[in-house]
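Asker: To start, I am sharing the structure in question, which I have written as structure tokens.
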Amino acid sequence: MRCTSHSIYPRPHLRHGCSMNTVATAWPPLAVLAHRLLHHPTEADLHRDPITLDRHWETLFPDSADAGRSQLSLAALIERIGPPSQYGGGVNGPDIRWHTPSHTVILNVRTGGGLQLSARGLPAVEASDTKRFSTGAEDLGPEAGNRGDLPYLWRLRPCGTGEPPPETPLAQGWDELQGALETLLGAWCQHLEALIGEDDAGFTIDHGDGQLIAMVSPRDDIAVFADRRDGTDRDADHLRRMIARGWHGFAPVLCWWDANFDRTAAGAASAARLVVDELRARGVRDPRALRLIRATLGSNGGLLDLPGSGIAVDDRAAVQ
């Protein structure tokens, strides 16, 4: 993939057809701070608490044509300091990072939705993320909100650079897996479109004797698919059982069962419940036996990590 500032660009900037030079050049405090932390951080900067910004993260993505040129937008910030090395997000909102050979600048969201900005040396970032993923794995339970302790649920590295993929905290039971999938899909519903635009995001789960797919489309909804391992719509009794379980129908051309849900928190919960119900109906005994064999976001390439899925990544699969 050829990595440029146009490879992955915030939706508000593209939505209104703004070129890079339409953004105002009088930089706001956020861009000034980020530029200094990226290019001239002091030793104190690398150890101080994150700088809290009196702004909700949604202000990074203004929704009108005039606001699309706002100096407060992520588009303006990117013009000032360049495209991020990593886009991602968690329970609270987006997590956006710029990497240098020595340190990382992080723009993320604290509890309540407010933005914060920080700079950390690379060893400190890796140690912090590793600890939070490890601690999060120990503290996970059936409640979806427990994944709020993870630094991020998903991340896209457009150029495949940055810290190595974190260890995925595996779901130890079905309630925990359902909570993990609900939280991941819910996060995509919340901020995927704002960060990435109209690209679809999805992943494929392999249970050893078949596959299920979950996708979130900013242009449409949440979609779940299951292969035809358990039969087709030609078997009337089986069709009734599948519909009762939550599937909406069978697509003969694709030979997959499918179901669609609103791109909302309630839709994410319903989609996660259907995935778990189908896996259990197929005789899968332990969610730790599942493997994530594919994860994709759009067609621009890059590497997509899903540590919030609760499912182990198949070592033989390229997750991209």
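Chain labels follow the order of the structure tokens: the first chain is A, the next B, and so on; residue numbering restarts at 1 in every chain, and ligands are counted from 1 in their shown order.
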Excluding Leu115 (chain A) and its own-chain neighbours fewer than 6 positions away, which residues fall within 8 Å of it when counting only C-alpha atoms? Please give them as a PyMOL selection string.

Answerer: chain A and resi 52-57+107-109

Asker: Need the shell around Ala119 (chain A): protein/DNA/RNA residues with any atom at most 12 Å away, counting only C-alpha atoms. Skip same-chain ones fewer than 2 positions apart. Format as a PyMOL selection string?

Answerer: chain A and resi 33-51+96-100+102-108+116-117+121-125

Asker: Given the selection you just returned, output its residues as a file containing N, CA, C and O atoms, formatted as a compact mmCIF listing (two decimals), in the first residue's frame.

Answerer:
```
# COMPACT_ATOMS: atom_id res chain seq x y z
N LEU A 33 -0.43 22.36 20.15
CA LEU A 33 0.05 21.42 21.16
C LEU A 33 0.52 20.12 20.52
O LEU A 33 1.59 19.60 20.85
N ALA A 34 -0.29 19.59 19.62
CA ALA A 34 0.06 18.32 18.98
C ALA A 34 1.34 18.44 18.17
O ALA A 34 2.18 17.54 18.17
N HIS A 35 1.50 19.56 17.46
CA HIS A 35 2.71 19.77 16.66
C HIS A 35 3.94 19.81 17.55
O HIS A 35 4.98 19.20 17.24
N ARG A 36 3.85 20.51 18.68
CA ARG A 36 5.01 20.59 19.57
C ARG A 36 5.32 19.23 20.18
O ARG A 36 6.48 18.82 20.26
N LEU A 37 4.28 18.50 20.61
CA LEU A 37 4.51 17.19 21.21
C LEU A 37 5.07 16.19 20.20
O LEU A 37 5.85 15.30 20.56
N LEU A 38 4.69 16.35 18.95
CA LEU A 38 5.17 15.42 17.93
C LEU A 38 6.62 15.71 17.55
O LEU A 38 7.43 14.78 17.39
N HIS A 39 6.96 16.99 17.42
CA HIS A 39 8.27 17.35 16.87
C HIS A 39 9.28 17.83 17.92
O HIS A 39 10.49 17.69 17.72
N HIS A 40 8.80 18.41 19.02
CA HIS A 40 9.73 18.98 20.01
C HIS A 40 9.28 18.67 21.44
O HIS A 40 9.17 19.59 22.26
N PRO A 41 9.05 17.42 21.78
CA PRO A 41 8.62 17.13 23.15
C PRO A 41 9.77 17.29 24.13
O PRO A 41 10.93 17.00 23.80
N THR A 42 9.46 17.77 25.31
CA THR A 42 10.45 17.83 26.37
C THR A 42 10.37 16.56 27.20
O THR A 42 9.41 15.78 27.09
N GLU A 43 11.35 16.35 28.04
CA GLU A 43 11.32 15.19 28.92
C GLU A 43 10.11 15.26 29.84
O GLU A 43 9.49 14.23 30.16
N ALA A 44 9.77 16.48 30.27
CA ALA A 44 8.60 16.65 31.13
C ALA A 44 7.31 16.27 30.40
O ALA A 44 6.40 15.68 30.99
N ASP A 45 7.24 16.61 29.10
CA ASP A 45 6.05 16.26 28.31
C ASP A 45 5.81 14.75 28.31
O ASP A 45 4.66 14.29 28.34
N LEU A 46 6.89 13.98 28.25
CA LEU A 46 6.77 12.53 28.12
C LEU A 46 6.33 11.86 29.43
O LEU A 46 6.01 10.67 29.42
N HIS A 47 6.34 12.62 30.53
CA HIS A 47 5.99 12.03 31.82
C HIS A 47 4.80 12.70 32.50
O HIS A 47 4.33 12.20 33.52
N ARG A 48 4.33 13.79 31.95
CA ARG A 48 3.22 14.49 32.59
C ARG A 48 1.90 13.78 32.31
O ARG A 48 1.78 12.97 31.39
N ASP A 49 0.88 14.09 33.10
CA ASP A 49 -0.45 13.56 32.86
C ASP A 49 -0.98 14.07 31.53
O ASP A 49 -0.55 15.14 31.05
N PRO A 50 -1.90 13.35 30.90
CA PRO A 50 -2.47 13.83 29.64
C PRO A 50 -3.08 15.23 29.79
O PRO A 50 -3.63 15.57 30.84
N ILE A 51 -2.95 16.02 28.75
CA ILE A 51 -3.54 17.35 28.72
C ILE A 51 -5.03 17.20 28.43
O ILE A 51 -5.42 16.66 27.40
N ILE A 96 -6.45 7.88 18.63
CA ILE A 96 -5.71 8.22 17.42
C ILE A 96 -4.26 8.48 17.81
O ILE A 96 -4.00 9.22 18.77
N ARG A 97 -3.32 7.90 17.05
CA ARG A 97 -1.91 7.99 17.46
C ARG A 97 -1.01 8.34 16.28
O ARG A 97 -1.22 7.88 15.17
N TRP A 98 0.01 9.14 16.60
CA TRP A 98 1.07 9.49 15.66
C TRP A 98 2.38 8.96 16.23
O TRP A 98 2.77 9.30 17.35
N HIS A 99 3.08 8.13 15.47
CA HIS A 99 4.32 7.52 15.94
C HIS A 99 5.53 8.22 15.34
O HIS A 99 5.53 8.62 14.17
N THR A 100 6.58 8.34 16.14
CA THR A 100 7.90 8.74 15.67
C THR A 100 8.86 7.64 16.12
O THR A 100 8.48 6.75 16.89
N SER A 102 10.98 7.75 18.31
CA SER A 102 11.28 7.84 19.74
C SER A 102 10.05 7.86 20.64
O SER A 102 10.11 7.46 21.80
N HIS A 103 8.91 8.35 20.12
CA HIS A 103 7.76 8.52 21.00
C HIS A 103 6.46 8.50 20.19
O HIS A 103 6.47 8.47 18.96
N THR A 104 5.35 8.52 20.92
CA THR A 104 4.02 8.48 20.33
C THR A 104 3.17 9.60 20.91
O THR A 104 3.17 9.82 22.12
N VAL A 105 2.44 10.29 20.04
CA VAL A 105 1.46 11.29 20.47
C VAL A 105 0.09 10.64 20.39
O VAL A 105 -0.27 10.06 19.35
N ILE A 106 -0.67 10.72 21.47
CA ILE A 106 -1.96 10.04 21.56
C ILE A 106 -3.08 11.05 21.80
O ILE A 106 -3.02 11.83 22.75
N LEU A 107 -4.06 11.03 20.92
CA LEU A 107 -5.29 11.82 21.11
C LEU A 107 -6.40 10.81 21.36
O LEU A 107 -6.79 10.06 20.46
N ASN A 108 -6.89 10.77 22.59
CA ASN A 108 -7.93 9.79 22.90
C ASN A 108 -8.99 10.41 23.79
O ASN A 108 -9.02 11.64 23.97
N GLN A 116 -8.36 14.11 25.36
CA GLN A 116 -7.11 14.34 26.05
C GLN A 116 -5.95 14.04 25.11
O GLN A 116 -6.07 13.21 24.20
N LEU A 117 -4.84 14.75 25.32
CA LEU A 117 -3.68 14.66 24.43
C LEU A 117 -2.45 14.38 25.28
O LEU A 117 -2.25 14.99 26.33
N GLY A 121 7.10 8.03 25.52
CA GLY A 121 8.15 7.28 24.86
C GLY A 121 7.64 5.92 24.44
O GLY A 121 6.72 5.36 25.07
N LEU A 122 8.20 5.36 23.38
CA LEU A 122 7.70 4.09 22.85
C LEU A 122 7.70 2.97 23.89
O LEU A 122 6.71 2.23 24.00
N PRO A 123 8.77 2.78 24.68
CA PRO A 123 8.72 1.73 25.70
C PRO A 123 7.59 1.94 26.70
O PRO A 123 6.95 0.97 27.13
N ALA A 124 7.33 3.19 27.06
CA ALA A 124 6.26 3.47 28.02
C ALA A 124 4.90 3.15 27.43
O ALA A 124 4.02 2.62 28.13
N VAL A 125 4.69 3.47 26.14
CA VAL A 125 3.42 3.17 25.49
C VAL A 125 3.18 1.67 25.45
O VAL A 125 2.10 1.17 25.79
```

Asker: Going by DSSP on the backbone, which residues of region 119-215 of chain A come out as helix (DSSP H, G or I)? List them as a PyMOL selection string.

Answerer: chain A and resi 122-139+144-149+174-196

Asker: As an exercise, work out the distance from CA of Gly89 (chain A) to CA of His191 (chain A) in Å and give it to one decimal place.

Answerer: 7.6 Å

Asker: Work out how far CA of Gly90 (chain A) is from CA of Gly246 (chain A), in Å to one decimal.

Answerer: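 Between these atoms lies a distance of 27.3 Å.
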
Asker: To one decimal place in Å, what is the distance between CA of Trp247 (chain A) and CA of Glu278 (chain A)?

Answerer: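 For CA of Trp247 (chain A) relative to CA of Glu278 (chain A), the distance reads 9.3 Å.
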
Asker: Considering only C-alpha atoms, tabulate each residue of region 189-262 of chain A that lies at most 12 Å from region 148-154 of chain A along with its nearest interatomic pair and the corresponding distance in Å to one decimal; arrange the rows by chain and ascending residue number and present them as a tab-separated table.

Answerer:
```
residue	atom	partner	partner_atom	distance
A:His191	CA	A:Trp154	CA	11.3
A:Leu192	CA	A:Trp154	CA	10.1
A:Ala201	CA	A:Trp154	CA	10.5
A:Gly202	CA	A:Trp154	CA	11.1
A:Phe203	CA	A:Trp154	CA	11.5
```

Asker: Hey, can you spit out that residue selection with N, CA and C atoms as a compact mmCIF listing (two decimals), in the first residue's frame?

Answerer:
```txt
# COMPACT_ATOMS: atom_id res chain seq x y z
N HIS A 191 -18.26 5.37 16.32
CA HIS A 191 -17.26 6.30 15.77
C HIS A 191 -16.54 5.83 14.51
N LEU A 192 -16.89 4.66 13.96
CA LEU A 192 -16.18 4.19 12.77
C LEU A 192 -16.38 5.14 11.59
N ALA A 201 -16.38 -2.42 7.91
CA ALA A 201 -15.46 -3.16 8.77
C ALA A 201 -16.11 -4.48 9.15
N GLY A 202 -15.32 -5.53 9.20
CA GLY A 202 -15.90 -6.82 9.54
C GLY A 202 -14.85 -7.84 9.91
N PHE A 203 -15.32 -9.00 10.38
CA PHE A 203 -14.42 -10.08 10.75
C PHE A 203 -15.12 -11.42 10.57
```

Asker: Would you kindly return, as a list of chain:residue names, each protein, DNA or RNA residue with an atom no farther than 8 Å from any atom of region 259-262 of chain A, considering only C-alpha atoms and excluding same-chain residues fewer than 2 positions away?

Answerer: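 Answer for this query is A:Asp221, A:Ile222, A:Ala223, A:Val224, A:Phe225, A:Gly246, A:Trp247, A:His248, A:Gly249, A:Trp257, A:Thr264, A:Ala266, A:Gly267, A:Ala268, A:Ser270, A:Ala271.
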
Asker: With C-alpha atoms kept, could you save the residues just selected as a short mmCIF file (atom, residue, chain, number, x, y, z; two decimals), in the first residue's frame?

Answerer:
```cif
data_model
loop_
_atom_site.label_atom_id
_atom_site.label_comp_id
_atom_site.auth_asym_id
_atom_site.auth_seq_id
_atom_site.Cartn_x
_atom_site.Cartn_y
_atom_site.Cartn_z
CA ASP A 221 -26.32 -1.31 9.07
CA ILE A 222 -24.90 -4.23 11.04
CA ALA A 223 -24.96 -7.49 9.11
CA VAL A 224 -24.35 -11.03 10.35
CA PHE A 225 -23.85 -14.06 8.09
CA GLY A 246 -32.91 -14.71 14.83
CA TRP A 247 -31.85 -15.14 11.20
CA HIS A 248 -33.82 -13.09 8.71
CA GLY A 249 -33.42 -15.34 5.70
CA TRP A 257 -27.87 -17.17 6.23
CA THR A 264 -27.25 1.37 17.16
CA ALA A 266 -29.45 -2.11 20.56
CA GLY A 267 -28.55 -3.42 17.11
CA ALA A 268 -25.04 -4.30 18.27
CA SER A 270 -28.86 -8.17 18.99
CA ALA A 271 -26.12 -9.02 16.49
#
```

Asker: DSSP on the backbone, then: every residue of region 134-313 of chain A marked strand (DSSP E or B), written as a PyMOL selection string.

Answerer: chain A and resi 154-157+201-206+211-216+222-227+249-251+256-261+291-297+303-305+312-313

Asker: Pick out the residues sitting within 12 Å of Gly310 (chain A), and hand them over as a PyMOL selection string; count only C-alpha atoms, and ignore anything fewer than 5 positions along from it in its own chain.

Answerer: chain A and resi 133+136-137+140-142+144+147+150+153-154+167-184+205+272+287-292+305

Asker: List the neighbours of Gln211 (chain A) out to 7 Å using only C-alpha atoms; skip same-chain residues closer than 3 positions along the sequence, and give me the result as an MDAnalysis selection string.

Answerer: chainID A and resid 204:207 226:227

Asker: Using the selection just defined, write its residues with N, CA, C and O atoms as a compact mmCIF listing (two decimals), in the first residue's frame.

Answerer:
```
# COMPACT_ATOMS: atom_id res chain seq x y z
N THR A 204 -14.30 -12.46 10.38
CA THR A 204 -14.81 -13.81 10.18
C THR A 204 -14.37 -14.70 11.33
O THR A 204 -13.18 -14.74 11.67
N ILE A 205 -15.33 -15.40 11.92
CA ILE A 205 -15.07 -16.32 13.02
C ILE A 205 -15.14 -17.75 12.50
O ILE A 205 -16.14 -18.14 11.87
N ASP A 206 -14.10 -18.53 12.75
CA ASP A 206 -14.08 -19.94 12.36
C ASP A 206 -14.24 -20.80 13.61
O ASP A 206 -13.54 -20.58 14.61
N HIS A 207 -15.19 -21.76 13.56
CA HIS A 207 -15.40 -22.62 14.72
C HIS A 207 -14.97 -24.06 14.45
O HIS A 207 -15.36 -24.98 15.17
N ALA A 226 -23.96 -16.47 8.28
CA ALA A 226 -23.52 -17.80 8.70
C ALA A 226 -23.53 -18.72 7.49
O ALA A 226 -24.45 -18.65 6.66
N ASP A 227 -22.52 -19.58 7.38
CA ASP A 227 -22.47 -20.47 6.23
C ASP A 227 -23.60 -21.51 6.30
O ASP A 227 -24.32 -21.60 7.30
```
